[in-house]
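K.L.:
This is the structure, below, for whatever I ask next.
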Amino acid sequence: MKTIRPSTLFFILILASVGIVTLTACQPETTESGQPLPERMEYAIVLHGGAGVISRDIDDEVRDGYLASLEEALTIGRDLLDAGGSSLDAVEQVIRYLEDDERFNAGRGAVFTSEGRHELDASIMDGRDLNAGAVAGVRTVKNPISLARNVMEESRHVMFAGDGAERFADMMDVERVDNSWFNTDRRRQQLERARDQAALHDGTQAHPDVHPFGTVGAAALDRDGNLAAGTSTGGMTNKMPGRIGDSPVIAAGTYADNNTCAVSATGHGEKFIRNAVAYQICAIMEFQDATLAEAARIVIHEKLDEGDGGIIAVDYLGNISMEFSSPGMFRGAADSDGRFEVAIWE
Ligand code: ASP
């Protein structure tokens, strides 16, 4: 009988184990029910510049200005993610750009309170560990989103408001401006119209072209699979001093969890707080095994009333949702598959 030499046997064993390892590695990963796991996009980003009654009759020049600004913000975020930057950096940089553009109700373009001043709110959240930072009612911070990020990264708290937020800003390296720096003629006229309207209608009904809301926000998935979301706003035209909306409230205006999705909301803040809108979308995905599209549809069209506003969101696979029930929402979306689009109406 022929005997196999130990060295040959060893060689055969090595070949067999390499074969087994290769075969295992080539098997597509599957879900519990044996379906192949869906592929994750390399990166994706989505942003908004507020939802509401946006008249289709605006001048072409004004419309093009909005679209160009949304495109520029989207390009900043897309390029940053494409170069391997983090979702947190993309969200912060996109929002800073929109805060500096006076077209949008955040940062420089913030609306007036009923006392003719400006109180700004912002929040940001990291989907890796649910860490979050928020500021509410700040009056001298040029880019509240960056102060919110400082709260998240440099303090042991989640939210600072009013004087405490200003004092925290004193300790941080964030740019400060006088409150009057946020004054713009357009917002002043909106305040005057809102006051007239309030006098006429008991303060409950806004004139259709007053457009009392507006906010900016972004959500992103980066190449490492990390999600982040952020939101920044001047709040509501003619709001009472001290009023805080959903934008700085984690779970209402902003939420991010790597297991589900990252969301930024815009609309009637009081209703978004009552419905924990941003978190509820993540929760429906997690506990009802719904897709992002289904979860967003349920919350925007079933839990809220038509016309209340909208959300932008991206899930852990890079799927994007831009769901709204108002006549329009300034928005944009881009991803690693080459998608790049901005829009205002349906
Ligand atoms: N949600 C914001 C607020 O209530 C406003 C908006 O998004 O238009 O402060």
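Naming works like this for the structure tokens: A, B, ... for the chains as they're shown, residue 1 at the start of each chain, ligands 1 onward in shown order.
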Excluding Glu166 of chain A and residues on its chain fewer than 5 positions from it, collect all residues at most 9 Å away from it, counting only C-alpha atoms, and give them as a count of residues only.
P.N.:
7
K.L.:
With only C-alpha atoms and all ligand atoms counted, collect every polymer residue having an atom within 6 Å of ligand 1; state the result as a PDB file with C-alpha atoms, in the first residue's frame.
P.N.:
ATOM      1  CA  GLY A  50     -37.113  74.956   5.951  1.00  0.00           C
ATOM      2  CA  PHE A 213     -41.192  79.244  10.105  1.00  0.00           C
ATOM      3  CA  GLY A 214     -37.986  78.201   8.408  1.00  0.00           C
ATOM      4  CA  THR A 215     -34.965  76.324   9.683  1.00  0.00           C
ATOM      5  CA  GLY A 235     -37.435  79.900  15.409  1.00  0.00           C
ATOM      6  CA  MET A 236     -40.745  81.529  14.597  1.00  0.00           C
ATOM      7  CA  GLY A 245     -39.082  75.164  19.383  1.00  0.00           C
ATOM      8  CA  ASP A 246     -38.205  71.618  18.406  1.00  0.00           C
ATOM      9  CA  SER A 247     -34.905  72.363  16.660  1.00  0.00           C
ATOM     10  CA  THR A 266     -38.610  71.553  10.132  1.00  0.00           C
ATOM     11  CA  GLY A 267     -42.087  72.869  10.746  1.00  0.00           C
ATOM     12  CA  HIS A 268     -44.486  73.724  13.533  1.00  0.00           C
ATOM     13  CA  GLY A 269     -42.105  73.244  16.454  1.00  0.00           C
TER      14      GLY A 269
END
K.L.:
As a ChimeraX atom specification, please: all residues of segment 129-300 of chain A that backbone DSSP puts in strand (DSSP E or B).
P.N.:
/A:131-138,141,159-161,176,216-221,227-233,239,250,254-256,261-267
K.L.:
May I have the residues from that selection written out with N, CA and C atoms, as an mmCIF file, in the first residue's frame?
P.N.:
data_model
loop_
_atom_site.group_PDB
_atom_site.id
_atom_site.type_symbol
_atom_site.label_atom_id
_atom_site.label_comp_id
_atom_site.auth_asym_id
_atom_site.auth_seq_id
_atom_site.Cartn_x
_atom_site.Cartn_y
_atom_site.Cartn_z
ATOM 1 N N ASN A 131 -24.357 60.531 21.487
ATOM 2 C CA ASN A 131 -23.926 61.770 22.115
ATOM 3 C C ASN A 131 -24.605 62.934 21.378
ATOM 4 N N ALA A 132 -24.913 64.002 22.106
ATOM 5 C CA ALA A 132 -25.642 65.103 21.470
ATOM 6 C C ALA A 132 -25.316 66.412 22.165
ATOM 7 N N GLY A 133 -25.500 67.515 21.444
ATOM 8 C CA GLY A 133 -25.291 68.837 22.023
ATOM 9 C C GLY A 133 -26.325 69.803 21.469
ATOM 10 N N ALA A 134 -26.788 70.727 22.329
ATOM 11 C CA ALA A 134 -27.816 71.666 21.881
ATOM 12 C C ALA A 134 -27.695 72.996 22.607
ATOM 13 N N VAL A 135 -28.089 74.062 21.917
ATOM 14 C CA VAL A 135 -28.162 75.378 22.556
ATOM 15 C C VAL A 135 -29.509 76.002 22.209
ATOM 16 N N ALA A 136 -30.072 76.717 23.165
ATOM 17 C CA ALA A 136 -31.388 77.321 22.944
ATOM 18 C C ALA A 136 -31.375 78.775 23.400
ATOM 19 N N GLY A 137 -32.000 79.621 22.593
ATOM 20 C CA GLY A 137 -32.130 81.028 22.973
ATOM 21 C C GLY A 137 -30.815 81.772 23.034
ATOM 22 N N VAL A 138 -29.850 81.426 22.146
ATOM 23 C CA VAL A 138 -28.588 82.180 22.158
ATOM 24 C C VAL A 138 -28.738 83.455 21.329
ATOM 25 N N VAL A 141 -24.209 84.323 19.198
ATOM 26 C CA VAL A 141 -23.344 83.309 18.582
ATOM 27 C C VAL A 141 -23.628 83.276 17.081
ATOM 28 N N MET A 159 -27.596 70.106 26.831
ATOM 29 C CA MET A 159 -28.232 71.345 26.359
ATOM 30 C C MET A 159 -27.955 72.532 27.288
ATOM 31 N N PHE A 160 -27.619 73.669 26.671
ATOM 32 C CA PHE A 160 -27.479 74.922 27.412
ATOM 33 C C PHE A 160 -28.489 75.921 26.849
ATOM 34 N N ALA A 161 -29.066 76.738 27.739
ATOM 35 C CA ALA A 161 -30.033 77.734 27.273
ATOM 36 C C ALA A 161 -29.685 79.121 27.814
ATOM 37 N N ARG A 176 -18.438 85.501 17.901
ATOM 38 C CA ARG A 176 -19.560 86.204 18.525
ATOM 39 C C ARG A 176 -19.897 87.454 17.725
ATOM 40 N N VAL A 216 -32.799 75.350 9.127
ATOM 41 C CA VAL A 216 -31.915 74.582 8.250
ATOM 42 C C VAL A 216 -31.477 73.322 8.984
ATOM 43 N N GLY A 217 -31.145 72.291 8.212
ATOM 44 C CA GLY A 217 -30.716 71.052 8.853
ATOM 45 C C GLY A 217 -30.018 70.142 7.861
ATOM 46 N N ALA A 218 -29.289 69.162 8.396
ATOM 47 C CA ALA A 218 -28.602 68.198 7.536
ATOM 48 C C ALA A 218 -28.482 66.868 8.262
ATOM 49 N N ALA A 219 -28.410 65.801 7.469
ATOM 50 C CA ALA A 219 -28.172 64.465 8.013
ATOM 51 C C ALA A 219 -27.235 63.760 7.047
ATOM 52 N N ALA A 220 -26.300 62.971 7.581
ATOM 53 C CA ALA A 220 -25.308 62.345 6.692
ATOM 54 C C ALA A 220 -24.868 60.979 7.186
ATOM 55 N N LEU A 221 -24.459 60.160 6.201
ATOM 56 C CA LEU A 221 -23.825 58.854 6.465
ATOM 57 C C LEU A 221 -22.431 58.939 5.866
ATOM 58 N N LEU A 227 -23.592 57.785 11.266
ATOM 59 C CA LEU A 227 -24.652 58.746 10.961
ATOM 60 C C LEU A 227 -24.543 59.962 11.884
ATOM 61 N N ALA A 228 -24.969 61.116 11.392
ATOM 62 C CA ALA A 228 -25.051 62.325 12.220
ATOM 63 C C ALA A 228 -26.169 63.201 11.674
ATOM 64 N N ALA A 229 -26.745 64.022 12.551
ATOM 65 C CA ALA A 229 -27.779 64.972 12.112
ATOM 66 C C ALA A 229 -27.644 66.260 12.913
ATOM 67 N N GLY A 230 -28.096 67.364 12.324
ATOM 68 C CA GLY A 230 -28.072 68.639 13.023
ATOM 69 C C GLY A 230 -29.152 69.564 12.487
ATOM 70 N N THR A 231 -29.531 70.540 13.312
ATOM 71 C CA THR A 231 -30.599 71.476 12.945
ATOM 72 C C THR A 231 -30.274 72.837 13.563
ATOM 73 N N SER A 232 -30.610 73.923 12.867
ATOM 74 C CA SER A 232 -30.360 75.262 13.405
ATOM 75 C C SER A 232 -31.472 76.199 12.943
ATOM 76 N N THR A 233 -31.905 77.088 13.834
ATOM 77 C CA THR A 233 -33.040 77.944 13.483
ATOM 78 C C THR A 233 -33.059 79.254 14.255
ATOM 79 N N LYS A 239 -42.173 85.267 17.696
ATOM 80 C CA LYS A 239 -42.331 84.347 18.849
ATOM 81 C C LYS A 239 -42.137 85.136 20.145
ATOM 82 N N ILE A 250 -33.435 67.346 21.359
ATOM 83 C CA ILE A 250 -33.034 66.039 20.846
ATOM 84 C C ILE A 250 -34.245 65.113 20.940
ATOM 85 N N THR A 254 -34.067 66.818 16.101
ATOM 86 C CA THR A 254 -32.842 66.148 15.637
ATOM 87 C C THR A 254 -32.703 64.789 16.315
ATOM 88 N N TYR A 255 -32.271 63.781 15.564
ATOM 89 C CA TYR A 255 -31.914 62.497 16.173
ATOM 90 C C TYR A 255 -30.991 61.737 15.235
ATOM 91 N N ALA A 256 -30.077 60.962 15.798
ATOM 92 C CA ALA A 256 -29.205 60.112 14.968
ATOM 93 C C ALA A 256 -28.807 58.879 15.757
ATOM 94 N N CYS A 261 -31.370 55.560 11.768
ATOM 95 C CA CYS A 261 -31.257 56.675 10.834
ATOM 96 C C CYS A 261 -30.882 57.975 11.538
ATOM 97 N N ALA A 262 -30.660 59.007 10.742
ATOM 98 C CA ALA A 262 -30.372 60.354 11.245
ATOM 99 C C ALA A 262 -31.411 61.288 10.649
ATOM 100 N N VAL A 263 -32.013 62.129 11.495
ATOM 101 C CA VAL A 263 -33.162 62.941 11.065
ATOM 102 C C VAL A 263 -33.007 64.398 11.491
ATOM 103 N N SER A 264 -33.399 65.330 10.633
ATOM 104 C CA SER A 264 -33.549 66.737 11.022
ATOM 105 C C SER A 264 -34.928 67.206 10.560
ATOM 106 N N ALA A 265 -35.630 67.905 11.449
ATOM 107 C CA ALA A 265 -37.021 68.280 11.159
ATOM 108 C C ALA A 265 -37.168 69.776 10.932
ATOM 109 N N THR A 266 -38.259 70.133 10.297
ATOM 110 C CA THR A 266 -38.610 71.553 10.132
ATOM 111 C C THR A 266 -40.124 71.705 10.038
ATOM 112 N N GLY A 267 -40.642 72.661 10.783
ATOM 113 C CA GLY A 267 -42.087 72.869 10.746
ATOM 114 C C GLY A 267 -42.580 73.442 12.050
#
K.L.:
Nearest to Glu341 of chain A among A:Glu72, A:Glu102, A:Glu154, A:Glu286, with distances taken over only C-alpha atoms: which residue is it?
P.N.:
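Under the stated criterion, the closest residue is A:Glu72.
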K.L.:
Between atom CA of Ile298 of chain A and atom CA of Ser326 of chain A, what distance in Å does the model show, to one decimal?
P.N.:
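Taking atom CA of Ile298 of chain A and atom CA of Ser326 of chain A, their separation equals 15.1 Å.
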K.L.:
Smallest atom-to-atom distance to Asp126 of chain A: which of A:Gly52, A:Pro241, A:Pro327, A:Gly225, using only C-alpha atoms?
P.N.:
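Going through A:Gly52, A:Pro241, A:Pro327, A:Gly225 one by one, the smallest distance to Asp126 of chain A is for A:Gly225.
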K.L.:
In Å, how far is it from atom CA of Asp89 of chain A to atom CA of Asn179 of chain A?
P.N.:
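Atom CA of Asp89 of chain A sits 26.5 Å away from atom CA of Asn179 of chain A.
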K.L.:
Compile the contact shell of Tyr66 of chain A as a count of residues only: residues with an atom at most 10 Å away, counting only C-alpha atoms, same-chain residues fewer than 3 positions apart removed.
P.N.:
17
K.L.:
Leaving out Glu92 of chain A and any residue of its chain fewer than 5 positions from it, which residues lie within 9 Å of it when counting only C-alpha atoms, given as a list in words?
P.N.:
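Counting only the stated atoms, we get Gly77, Ser87, Tyr97, Ile124, Ile145, Ser146, Arg149, Ala218, Ala229 and Gly230 of chain A.
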K.L.:
Write out as a PyMOL selection string the residues lying within 8 Å of Gly107 of chain A, counting only C-alpha atoms and excluding same-chain residues fewer than 2 positions away.
P.N.:
chain A and resi 98-102+105+109-110+120+142-144+182+232-234
K.L.:
Taking C-alpha atoms for each residue, export the selection above as a PDB file, in the first residue's frame.
P.N.:
ATOM      1  CA  LEU A  98     -26.759  77.864   5.458  1.00  0.00           C
ATOM      2  CA  GLU A  99     -26.526  79.853   8.725  1.00  0.00           C
ATOM      3  CA  ASP A 100     -24.327  82.396   6.951  1.00  0.00           C
ATOM      4  CA  ASP A 101     -26.791  82.771   4.070  1.00  0.00           C
ATOM      5  CA  GLU A 102     -29.460  85.314   5.033  1.00  0.00           C
ATOM      6  CA  ASN A 105     -34.039  81.400   8.973  1.00  0.00           C
ATOM      7  CA  GLY A 109     -31.129  85.267   8.470  1.00  0.00           C
ATOM      8  CA  ALA A 110     -32.781  84.535  11.832  1.00  0.00           C
ATOM      9  CA  LEU A 120     -31.332  81.170  18.045  1.00  0.00           C
ATOM     10  CA  LYS A 142     -22.804  83.673  14.853  1.00  0.00           C
ATOM     11  CA  ASN A 143     -22.990  79.921  14.147  1.00  0.00           C
ATOM     12  CA  PRO A 144     -25.083  78.199  16.830  1.00  0.00           C
ATOM     13  CA  PHE A 182     -28.884  89.339  12.702  1.00  0.00           C
ATOM     14  CA  SER A 232     -30.360  75.262  13.405  1.00  0.00           C
ATOM     15  CA  THR A 233     -33.040  77.944  13.483  1.00  0.00           C
ATOM     16  CA  GLY A 234     -34.097  81.444  14.402  1.00  0.00           C
TER      17      GLY A 234
END
K.L.:
Quick one, how far is atom CA of Asp337 of chain A from atom CA of Asp289 of chain A?
P.N.:
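Pair atom CA of Asp337 of chain A / atom CA of Asp289 of chain A returns 25.3 Å.
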K.L.:
Could you tell me, as a compact mmCIF listing (two decimals) with C-alpha atoms, in the first residue's frame, which residues of segment 82-287 of chain A DSSP assigns to alpha helix (DSSP H) when given the backbone?
P.N.:
# COMPACT_ATOMS: atom_id res chain seq x y z
CA ASP A 82 -16.28 61.92 -0.67
CA SER A 87 -20.71 62.75 8.93
CA LEU A 88 -20.46 65.12 11.92
CA ASP A 89 -18.11 67.45 10.04
CA ALA A 90 -20.33 67.32 6.94
CA VAL A 91 -23.44 68.18 8.96
CA GLU A 92 -21.71 71.03 10.81
CA GLN A 93 -20.15 72.55 7.68
CA VAL A 94 -23.36 72.36 5.63
CA ILE A 95 -25.33 74.01 8.41
CA ARG A 96 -22.70 76.72 8.93
CA TYR A 97 -22.97 77.60 5.25
CA LEU A 98 -26.76 77.86 5.46
CA GLU A 99 -26.53 79.85 8.73
CA ASP A 100 -24.33 82.40 6.95
CA PRO A 144 -25.08 78.20 16.83
CA ILE A 145 -24.50 74.74 15.26
CA SER A 146 -20.81 74.98 16.16
CA LEU A 147 -21.62 75.96 19.74
CA ALA A 148 -23.96 72.94 19.90
CA ARG A 149 -21.08 70.75 18.75
CA ASN A 150 -18.92 72.25 21.51
CA VAL A 151 -21.61 71.38 24.03
CA MET A 152 -21.52 67.79 22.76
CA GLU A 153 -17.75 67.47 22.70
CA GLU A 154 -16.48 69.83 25.40
CA GLY A 162 -30.06 81.54 27.50
CA ASP A 163 -27.44 83.18 29.75
CA GLY A 164 -25.80 79.86 30.60
CA ALA A 165 -25.37 79.14 26.89
CA GLU A 166 -23.83 82.60 26.39
CA ARG A 167 -21.44 81.96 29.28
CA PHE A 168 -20.50 78.58 27.83
CA ALA A 169 -19.87 80.38 24.51
CA ASP A 170 -17.49 82.73 26.41
CA MET A 171 -15.40 79.67 27.25
CA ASP A 185 -34.84 94.22 6.25
CA ARG A 186 -36.70 91.19 4.98
CA ARG A 187 -37.14 89.70 8.45
CA ARG A 188 -38.12 93.11 9.85
CA GLN A 189 -40.91 93.36 7.25
CA GLN A 190 -42.03 89.82 8.11
CA LEU A 191 -42.21 90.83 11.77
CA GLU A 192 -44.31 93.88 10.92
CA ARG A 193 -46.69 91.80 8.80
CA ALA A 194 -46.93 89.17 11.53
CA ARG A 195 -47.75 91.88 14.10
CA ASP A 196 -50.46 93.33 11.85
CA GLN A 197 -51.86 89.89 11.36
CA ALA A 198 -51.72 89.12 15.07
CA ALA A 199 -53.65 92.34 15.75
CA LEU A 200 -56.26 91.30 13.20
CA HIS A 201 -56.58 87.68 14.15
CA GLY A 269 -42.11 73.24 16.45
CA GLU A 270 -44.68 72.76 19.20
CA LYS A 271 -46.24 69.84 17.32
CA PHE A 272 -42.87 68.32 16.50
CA ILE A 273 -41.99 68.35 20.20
CA ARG A 274 -45.29 66.75 21.22
CA VAL A 277 -40.83 63.43 15.52
CA ALA A 278 -37.17 62.71 14.85
CA TYR A 279 -36.89 59.91 17.42
CA GLN A 280 -40.27 58.46 16.49
CA ILE A 281 -39.06 57.86 12.94
CA CYS A 282 -36.01 55.96 14.25
CA ALA A 283 -38.21 54.04 16.72
CA ILE A 284 -40.68 52.95 14.05
CA MET A 285 -37.75 51.64 12.00
CA GLU A 286 -36.31 49.82 15.00
CA PHE A 287 -39.40 48.37 16.62
K.L.:
Out of A:Leu130, A:Val177, A:Met240, A:Ile76, which residue has the shortest atom-to-atom distance to Phe112 of chain A when counting only C-alpha atoms?
P.N.:
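Nearest candidate to Phe112 of chain A out of A:Leu130, A:Val177, A:Met240, A:Ile76: A:Met240.
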K.L.:
Can you work out which one of A:Arg56, A:Arg297, A:His118, A:His48 has the shortest atom-to-atom distance to Ser325 of chain A, counting only C-alpha atoms?
P.N.:
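So, comparing all the options, the nearest one is A:Arg297.
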K.L.:
I'd like the contact shell of Leu292 of chain A - 7 Å cut-off, only C-alpha atoms, skipping same-chain residues fewer than 3 positions apart - returned as a ChimeraX atom specification.
P.N.:
/A:285,295-296,315,321
K.L.:
Which of these residues is nearest to Gly84 of chain A, using only C-alpha atoms: A:Thr113, A:Asn238, A:Asn319, A:Asn226?
P.N.:
A:Asn226
